[in-house]
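Asks: Sending over a structure as structure tokens; questions will come in a sec.
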Amino acid sequence: MITLYGLRNCDRCRAARRHLDRAGIAYTYHDLRDDGVSEDLVRDWIGRIGTDRLVNRRSTTWRGLSEQERRAVDGSDVVAVLVSAPTLVKRPVIDLGETCLVGFDDRIRTELAHLLNDGT
């Protein structure tokens, strides 16, 4: 089962949801702001995709962080920061179980199609 983690008002998240819906691909949607994220989930993502791909350093949330908070994201407190501010997560995160994809552009569409072996 695919889980798509995102934000309701995020353009890329909406595009990913439309793509999955049109292709008839079943998925569960998890809103990062409304539903939050657990420490275990953030640790899992970091282990699979790394902090650099997971943290959105272009976001409004990032720009609103203090220097101390930004250092925490780059240090050992990254899990706590992402749990308390899940809008710092790049999105969408498309969790396919063994693989996680981050973002939604042509490259991700192609990779998703390849992983699902359905040519969408």
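Here, A, B, ... name the chains of the structure tokens in the order displayed, residue numbers run from 1 inside each chain, and ligands are numbered from 1 in the same displayed order.
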What residues in chain A get the DSSP label strand (DSSP E or B)? Please answer as a PyMOL selection string.

Replies: chain A and resi 2-6+27-31+55+89+93-95+100-102

Asks: Can you pull out the residues contacting Trp62 (chain A)? Cut-off 8 Å, using only C-alpha atoms, and skip same-chain residues under 6 positions away; I want them as a list in words.

Replies: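 Residues near the query, excluding close chain neighbours: Asn56, Arg70 and Leu88 of chain A.
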
Asks: Contacts of Pro92 (chain A) at 9 Å or less, counting only C-alpha atoms, minus same-chain residues fewer than 4 places along, as a list in words?

Replies: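 Residues meeting the cut-off are Leu4, Tyr5, Gly6, Leu7, Cys10, Arg12, Cys13, Arg14, Ala16, Leu101, Val102, Gly103 and Phe104 of chain A.
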
Asks: So that I can check the secondary structure, give me every residue of chain A assigned alpha helix (DSSP H) by backbone DSSP, as a PyMOL selection string.

Replies: chain A and resi 11-23+32-35+39-49+51-54+60-63+67-73+78-84+106-116

Asks: With a distance cut-off of 10 Å and only C-alpha atoms, select the neighbouring residues of Thr3 (chain A), excluding the residue or stretch itself and same-chain residues fewer than 5 positions from it, and output the selection as a PDB file with all heavy atoms, in the first residue's frame.

Replies:
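Generated file (result-v1.pdb):
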ATOM      1  N   ALA A  26      -4.309   2.856  -5.740  1.00  0.00           N
ATOM      2  CA  ALA A  26      -4.804   3.010  -4.373  1.00  0.00           C
ATOM      3  C   ALA A  26      -3.691   3.565  -3.480  1.00  0.00           C
ATOM      4  O   ALA A  26      -2.531   3.153  -3.594  1.00  0.00           O
ATOM      5  CB  ALA A  26      -5.284   1.668  -3.840  1.00  0.00           C
ATOM      6  N   TYR A  27      -4.062   4.481  -2.615  1.00  0.00           N
ATOM      7  CA  TYR A  27      -3.105   5.049  -1.675  1.00  0.00           C
ATOM      8  C   TYR A  27      -3.853   5.588  -0.463  1.00  0.00           C
ATOM      9  O   TYR A  27      -5.058   5.807  -0.500  1.00  0.00           O
ATOM     10  CB  TYR A  27      -2.287   6.175  -2.321  1.00  0.00           C
ATOM     11  CG  TYR A  27      -3.097   7.392  -2.697  1.00  0.00           C
ATOM     12  CD1 TYR A  27      -3.187   8.488  -1.842  1.00  0.00           C
ATOM     13  CD2 TYR A  27      -3.791   7.446  -3.907  1.00  0.00           C
ATOM     14  CE1 TYR A  27      -3.940   9.594  -2.193  1.00  0.00           C
ATOM     15  CE2 TYR A  27      -4.540   8.548  -4.257  1.00  0.00           C
ATOM     16  CZ  TYR A  27      -4.617   9.623  -3.398  1.00  0.00           C
ATOM     17  OH  TYR A  27      -5.364  10.718  -3.733  1.00  0.00           O
ATOM     18  N   THR A  28      -3.118   5.789   0.594  1.00  0.00           N
ATOM     19  CA  THR A  28      -3.630   6.434   1.786  1.00  0.00           C
ATOM     20  C   THR A  28      -2.979   7.801   1.857  1.00  0.00           C
ATOM     21  O   THR A  28      -1.776   7.928   1.630  1.00  0.00           O
ATOM     22  CB  THR A  28      -3.259   5.621   3.052  1.00  0.00           C
ATOM     23  OG1 THR A  28      -3.827   4.329   2.942  1.00  0.00           O
ATOM     24  CG2 THR A  28      -3.769   6.300   4.311  1.00  0.00           C
ATOM     25  N   TYR A  29      -3.784   8.818   2.171  1.00  0.00           N
ATOM     26  CA  TYR A  29      -3.253  10.177   2.287  1.00  0.00           C
ATOM     27  C   TYR A  29      -3.103  10.536   3.761  1.00  0.00           C
ATOM     28  O   TYR A  29      -3.995  10.294   4.574  1.00  0.00           O
ATOM     29  CB  TYR A  29      -4.178  11.179   1.597  1.00  0.00           C
ATOM     30  CG  TYR A  29      -3.707  12.602   1.746  1.00  0.00           C
ATOM     31  CD1 TYR A  29      -2.579  13.046   1.078  1.00  0.00           C
ATOM     32  CD2 TYR A  29      -4.371  13.488   2.583  1.00  0.00           C
ATOM     33  CE1 TYR A  29      -2.134  14.342   1.222  1.00  0.00           C
ATOM     34  CE2 TYR A  29      -3.926  14.788   2.730  1.00  0.00           C
ATOM     35  CZ  TYR A  29      -2.807  15.206   2.054  1.00  0.00           C
ATOM     36  OH  TYR A  29      -2.350  16.486   2.204  1.00  0.00           O
ATOM     37  N   HIS A  30      -1.959  11.115   4.097  1.00  0.00           N
ATOM     38  CA  HIS A  30      -1.650  11.523   5.462  1.00  0.00           C
ATOM     39  C   HIS A  30      -1.236  12.998   5.428  1.00  0.00           C
ATOM     40  O   HIS A  30      -0.211  13.331   4.836  1.00  0.00           O
ATOM     41  CB  HIS A  30      -0.497  10.668   6.004  1.00  0.00           C
ATOM     42  CG  HIS A  30      -0.119  10.955   7.407  1.00  0.00           C
ATOM     43  ND1 HIS A  30      -0.492  10.148   8.458  1.00  0.00           N
ATOM     44  CD2 HIS A  30       0.603  11.960   7.954  1.00  0.00           C
ATOM     45  CE1 HIS A  30      -0.011  10.645   9.573  1.00  0.00           C
ATOM     46  NE2 HIS A  30       0.655  11.747   9.285  1.00  0.00           N
ATOM     47  N   PRO A  92       5.577  16.021  -1.813  1.00  0.00           N
ATOM     48  CA  PRO A  92       5.073  14.944  -0.977  1.00  0.00           C
ATOM     49  C   PRO A  92       6.140  13.884  -0.737  1.00  0.00           C
ATOM     50  O   PRO A  92       7.112  13.773  -1.485  1.00  0.00           O
ATOM     51  CB  PRO A  92       3.938  14.356  -1.806  1.00  0.00           C
ATOM     52  CG  PRO A  92       4.342  14.602  -3.225  1.00  0.00           C
ATOM     53  CD  PRO A  92       5.070  15.920  -3.196  1.00  0.00           C
ATOM     54  N   VAL A  93       5.942  13.115   0.311  1.00  0.00           N
ATOM     55  CA  VAL A  93       6.710  11.892   0.522  1.00  0.00           C
ATOM     56  C   VAL A  93       5.781  10.770   0.101  1.00  0.00           C
ATOM     57  O   VAL A  93       4.668  10.655   0.607  1.00  0.00           O
ATOM     58  CB  VAL A  93       7.136  11.719   2.002  1.00  0.00           C
ATOM     59  CG1 VAL A  93       7.817  10.372   2.196  1.00  0.00           C
ATOM     60  CG2 VAL A  93       8.048  12.850   2.447  1.00  0.00           C
ATOM     61  N   ILE A  94       6.214   9.999  -0.861  1.00  0.00           N
ATOM     62  CA  ILE A  94       5.428   8.876  -1.360  1.00  0.00           C
ATOM     63  C   ILE A  94       6.109   7.614  -0.857  1.00  0.00           C
ATOM     64  O   ILE A  94       7.184   7.249  -1.330  1.00  0.00           O
ATOM     65  CB  ILE A  94       5.340   8.884  -2.901  1.00  0.00           C
ATOM     66  CG1 ILE A  94       4.782  10.222  -3.390  1.00  0.00           C
ATOM     67  CG2 ILE A  94       4.482   7.715  -3.383  1.00  0.00           C
ATOM     68  CD1 ILE A  94       4.914  10.435  -4.884  1.00  0.00           C
ATOM     69  N   ASP A  95       5.490   6.978   0.125  1.00  0.00           N
ATOM     70  CA  ASP A  95       6.068   5.808   0.775  1.00  0.00           C
ATOM     71  C   ASP A  95       5.460   4.559   0.166  1.00  0.00           C
ATOM     72  O   ASP A  95       4.260   4.314   0.290  1.00  0.00           O
ATOM     73  CB  ASP A  95       5.798   5.871   2.272  1.00  0.00           C
ATOM     74  CG  ASP A  95       6.592   4.851   3.051  1.00  0.00           C
ATOM     75  OD1 ASP A  95       6.958   3.801   2.485  1.00  0.00           O
ATOM     76  OD2 ASP A  95       6.849   5.096   4.248  1.00  0.00           O
ATOM     77  N   LEU A  96       6.312   3.793  -0.515  1.00  0.00           N
ATOM     78  CA  LEU A  96       5.875   2.570  -1.178  1.00  0.00           C
ATOM     79  C   LEU A  96       6.259   1.322  -0.383  1.00  0.00           C
ATOM     80  O   LEU A  96       6.234   0.221  -0.912  1.00  0.00           O
ATOM     81  CB  LEU A  96       6.500   2.492  -2.576  1.00  0.00           C
ATOM     82  CG  LEU A  96       6.035   3.588  -3.513  1.00  0.00           C
ATOM     83  CD1 LEU A  96       7.190   4.359  -4.084  1.00  0.00           C
ATOM     84  CD2 LEU A  96       5.171   3.006  -4.589  1.00  0.00           C
ATOM     85  N   GLY A  97       6.636   1.515   0.858  1.00  0.00           N
ATOM     86  CA  GLY A  97       7.070   0.383   1.675  1.00  0.00           C
ATOM     87  C   GLY A  97       8.573   0.294   1.708  1.00  0.00           C
ATOM     88  O   GLY A  97       9.211   0.810   2.613  1.00  0.00           O
ATOM     89  N   CYS A 100      10.986   5.144  -0.696  1.00  0.00           N
ATOM     90  CA  CYS A 100      10.331   6.444  -0.482  1.00  0.00           C
ATOM     91  C   CYS A 100      10.778   7.388  -1.580  1.00  0.00           C
ATOM     92  O   CYS A 100      11.965   7.483  -1.875  1.00  0.00           O
ATOM     93  CB  CYS A 100      10.759   7.054   0.851  1.00  0.00           C
ATOM     94  SG  CYS A 100       9.707   6.644   2.205  1.00  0.00           S
TER      95      CYS A 100
END

Asks: Nearest to Asp31 (chain A) among A:His114, A:Gly75, A:Val55, A:Arg17, with distances taken over only C-alpha atoms: which residue is it?

Replies: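 Among the listed residues, A:Arg17 lies closest to Asp31 (chain A).
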
Asks: Could you jot down the CA of Ile2 (chain A) to CA of Leu116 (chain A) separation for me, Å, one decimal place?

Replies: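 It comes out at 10.2 Å.
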
Asks: Taking 4 positions as the minimum chain separation for residues in the same chain, which residues sit within 12 Å of Gly50 (chain A) when counting only C-alpha atoms? Answer as a list in words.

Replies: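 Residues near the query, excluding close chain neighbours: Val42, Arg43, Asp44, Trp45, Ile46, Leu54, Val55, Asp74, Val78, Val79, Val89, Lys90, Cys100, Leu101 and Val102 of chain A.
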
Asks: Selection from above, all heavy atoms, as a CSV table (one decimal), in the first residue's frame, can you write it?

Replies:
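As a result, result_6.csv now contains:
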chain,number,residue,atom,x,y,z
A,42,VAL,N,9.8,9.6,11.3
A,42,VAL,CA,10.9,10.5,10.9
A,42,VAL,C,12.2,9.8,10.8
A,42,VAL,O,13.0,9.9,9.9
A,42,VAL,CB,10.9,11.7,11.7
A,42,VAL,CG1,12.2,12.6,11.4
A,42,VAL,CG2,9.7,12.6,11.6
A,43,ARG,N,12.5,9.0,11.9
A,43,ARG,CA,13.7,8.2,11.9
A,43,ARG,C,13.8,7.2,10.7
A,43,ARG,O,14.9,7.1,10.1
A,43,ARG,CB,13.9,7.4,13.2
A,43,ARG,CG,14.3,8.2,14.4
A,43,ARG,CD,14.7,7.3,15.6
A,43,ARG,NE,14.8,8.2,16.7
A,43,ARG,CZ,13.8,8.4,17.6
A,43,ARG,NH1,12.7,7.9,17.5
A,43,ARG,NH2,14.1,9.2,18.6
A,44,ASP,N,12.7,6.6,10.4
A,44,ASP,CA,12.6,5.7,9.3
A,44,ASP,C,13.0,6.4,8.0
A,44,ASP,O,13.8,6.0,7.2
A,44,ASP,CB,11.3,5.0,9.2
A,44,ASP,CG,11.1,4.1,8.0
A,44,ASP,OD1,12.0,3.2,7.9
A,44,ASP,OD2,10.2,4.3,7.2
A,45,TRP,N,12.3,7.6,7.8
A,45,TRP,CA,12.6,8.4,6.5
A,45,TRP,C,14.1,8.8,6.5
A,45,TRP,O,14.7,8.7,5.4
A,45,TRP,CB,11.7,9.6,6.5
A,45,TRP,CG,10.3,9.3,6.2
A,45,TRP,CD1,9.7,8.2,5.6
A,45,TRP,CD2,9.2,10.2,6.4
A,45,TRP,NE1,8.4,8.4,5.4
A,45,TRP,CE2,8.0,9.6,5.9
A,45,TRP,CE3,9.1,11.5,6.9
A,45,TRP,CZ2,6.8,10.2,5.9
A,45,TRP,CZ3,7.9,12.1,6.9
A,45,TRP,CH2,6.7,11.5,6.5
A,46,ILE,N,14.6,9.3,7.6
A,46,ILE,CA,16.0,9.7,7.6
A,46,ILE,C,16.9,8.5,7.2
A,46,ILE,O,17.9,8.7,6.4
A,46,ILE,CB,16.4,10.3,8.9
A,46,ILE,CG1,15.7,11.7,9.1
A,46,ILE,CG2,17.9,10.5,9.0
A,46,ILE,CD1,15.8,12.3,10.5
A,54,LEU,N,15.1,15.1,2.9
A,54,LEU,CA,13.8,15.2,3.7
A,54,LEU,C,13.5,16.6,4.1
A,54,LEU,O,12.3,16.9,4.2
A,54,LEU,CB,13.9,14.2,4.9
A,54,LEU,CG,12.7,14.1,5.7
A,54,LEU,CD1,11.5,13.5,4.9
A,54,LEU,CD2,13.0,13.2,6.9
A,55,VAL,N,14.5,17.4,4.4
A,55,VAL,CA,14.2,18.7,5.0
A,55,VAL,C,14.1,19.8,3.9
A,55,VAL,O,14.9,19.9,3.0
A,55,VAL,CB,15.3,19.1,6.0
A,55,VAL,CG1,15.1,20.5,6.5
A,55,VAL,CG2,15.4,18.2,7.1
A,74,ASP,N,20.2,20.4,11.4
A,74,ASP,CA,21.4,19.9,10.8
A,74,ASP,C,22.2,19.0,11.8
A,74,ASP,O,23.2,18.4,11.5
A,74,ASP,CB,22.3,21.0,10.3
A,74,ASP,CG,21.7,21.7,9.1
A,74,ASP,OD1,21.0,21.1,8.4
A,74,ASP,OD2,22.0,22.9,9.0
A,78,VAL,N,17.3,16.7,14.8
A,78,VAL,CA,16.5,16.8,13.6
A,78,VAL,C,15.2,16.1,13.7
A,78,VAL,O,14.2,16.6,13.3
A,78,VAL,CB,17.3,16.3,12.3
A,78,VAL,CG1,17.6,14.8,12.4
A,78,VAL,CG2,16.5,16.5,11.1
A,79,VAL,N,15.2,14.9,14.4
A,79,VAL,CA,13.9,14.2,14.6
A,79,VAL,C,12.9,15.0,15.4
A,79,VAL,O,11.8,15.2,15.0
A,79,VAL,CB,14.2,12.8,15.2
A,79,VAL,CG1,12.8,12.1,15.6
A,79,VAL,CG2,15.0,11.9,14.3
A,89,VAL,N,9.1,19.1,6.3
A,89,VAL,CA,9.3,17.9,5.5
A,89,VAL,C,9.1,18.3,4.0
A,89,VAL,O,8.0,18.9,3.7
A,89,VAL,CB,8.4,16.8,5.9
A,89,VAL,CG1,8.5,15.6,4.9
A,89,VAL,CG2,8.7,16.3,7.3
A,90,LYS,N,10.0,18.0,3.1
A,90,LYS,CA,9.8,18.2,1.7
A,90,LYS,C,8.6,17.3,1.3
A,90,LYS,O,8.5,16.2,1.8
A,90,LYS,CB,11.0,17.8,0.9
A,90,LYS,CG,12.1,18.8,0.8
A,90,LYS,CD,13.2,18.3,-0.1
A,90,LYS,CE,14.4,19.2,0.0
A,90,LYS,NZ,15.5,18.6,-0.8
A,100,CYS,N,11.0,5.1,-0.7
A,100,CYS,CA,10.3,6.4,-0.5
A,100,CYS,C,10.8,7.4,-1.6
A,100,CYS,O,12.0,7.5,-1.9
A,100,CYS,CB,10.8,7.1,0.9
A,100,CYS,SG,9.7,6.6,2.2
A,101,LEU,N,9.8,8.1,-2.2
A,101,LEU,CA,10.1,9.1,-3.2
A,101,LEU,C,9.7,10.5,-2.5
A,101,LEU,O,8.7,10.6,-1.8
A,101,LEU,CB,9.3,8.9,-4.4
A,101,LEU,CG,9.5,7.5,-5.1
A,101,LEU,CD1,8.5,7.4,-6.3
A,101,LEU,CD2,10.9,7.3,-5.6
A,102,VAL,N,10.5,11.5,-2.8
A,102,VAL,CA,10.3,12.8,-2.3
A,102,VAL,C,10.1,13.8,-3.4
A,102,VAL,O,11.0,13.9,-4.3
A,102,VAL,CB,11.4,13.2,-1.3
A,102,VAL,CG1,11.1,14.6,-0.7
A,102,VAL,CG2,11.6,12.2,-0.2

Asks: Find the distance between CA of Leu32 (chain A) and CA of Thr87 (chain A) and write it in Å to one decimal.

Replies: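 Answer for the CA of Leu32 (chain A) to CA of Thr87 (chain A) separation: 6.6 Å.
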
Asks: What does the distance from CA of Thr51 (chain A) to CA of Asn117 (chain A) come to in Å, to one decimal?

Replies: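 Computing it gives 28.1 Å between the two atoms.
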
Asks: Counting only C-alpha atoms, which of A:Arg53, A:Asn9, A:Met1, A:Ala15 gets nearest to Arg109 (chain A)?

Replies: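 Distance minimum relative to Arg109 (chain A) lands on A:Ala15.
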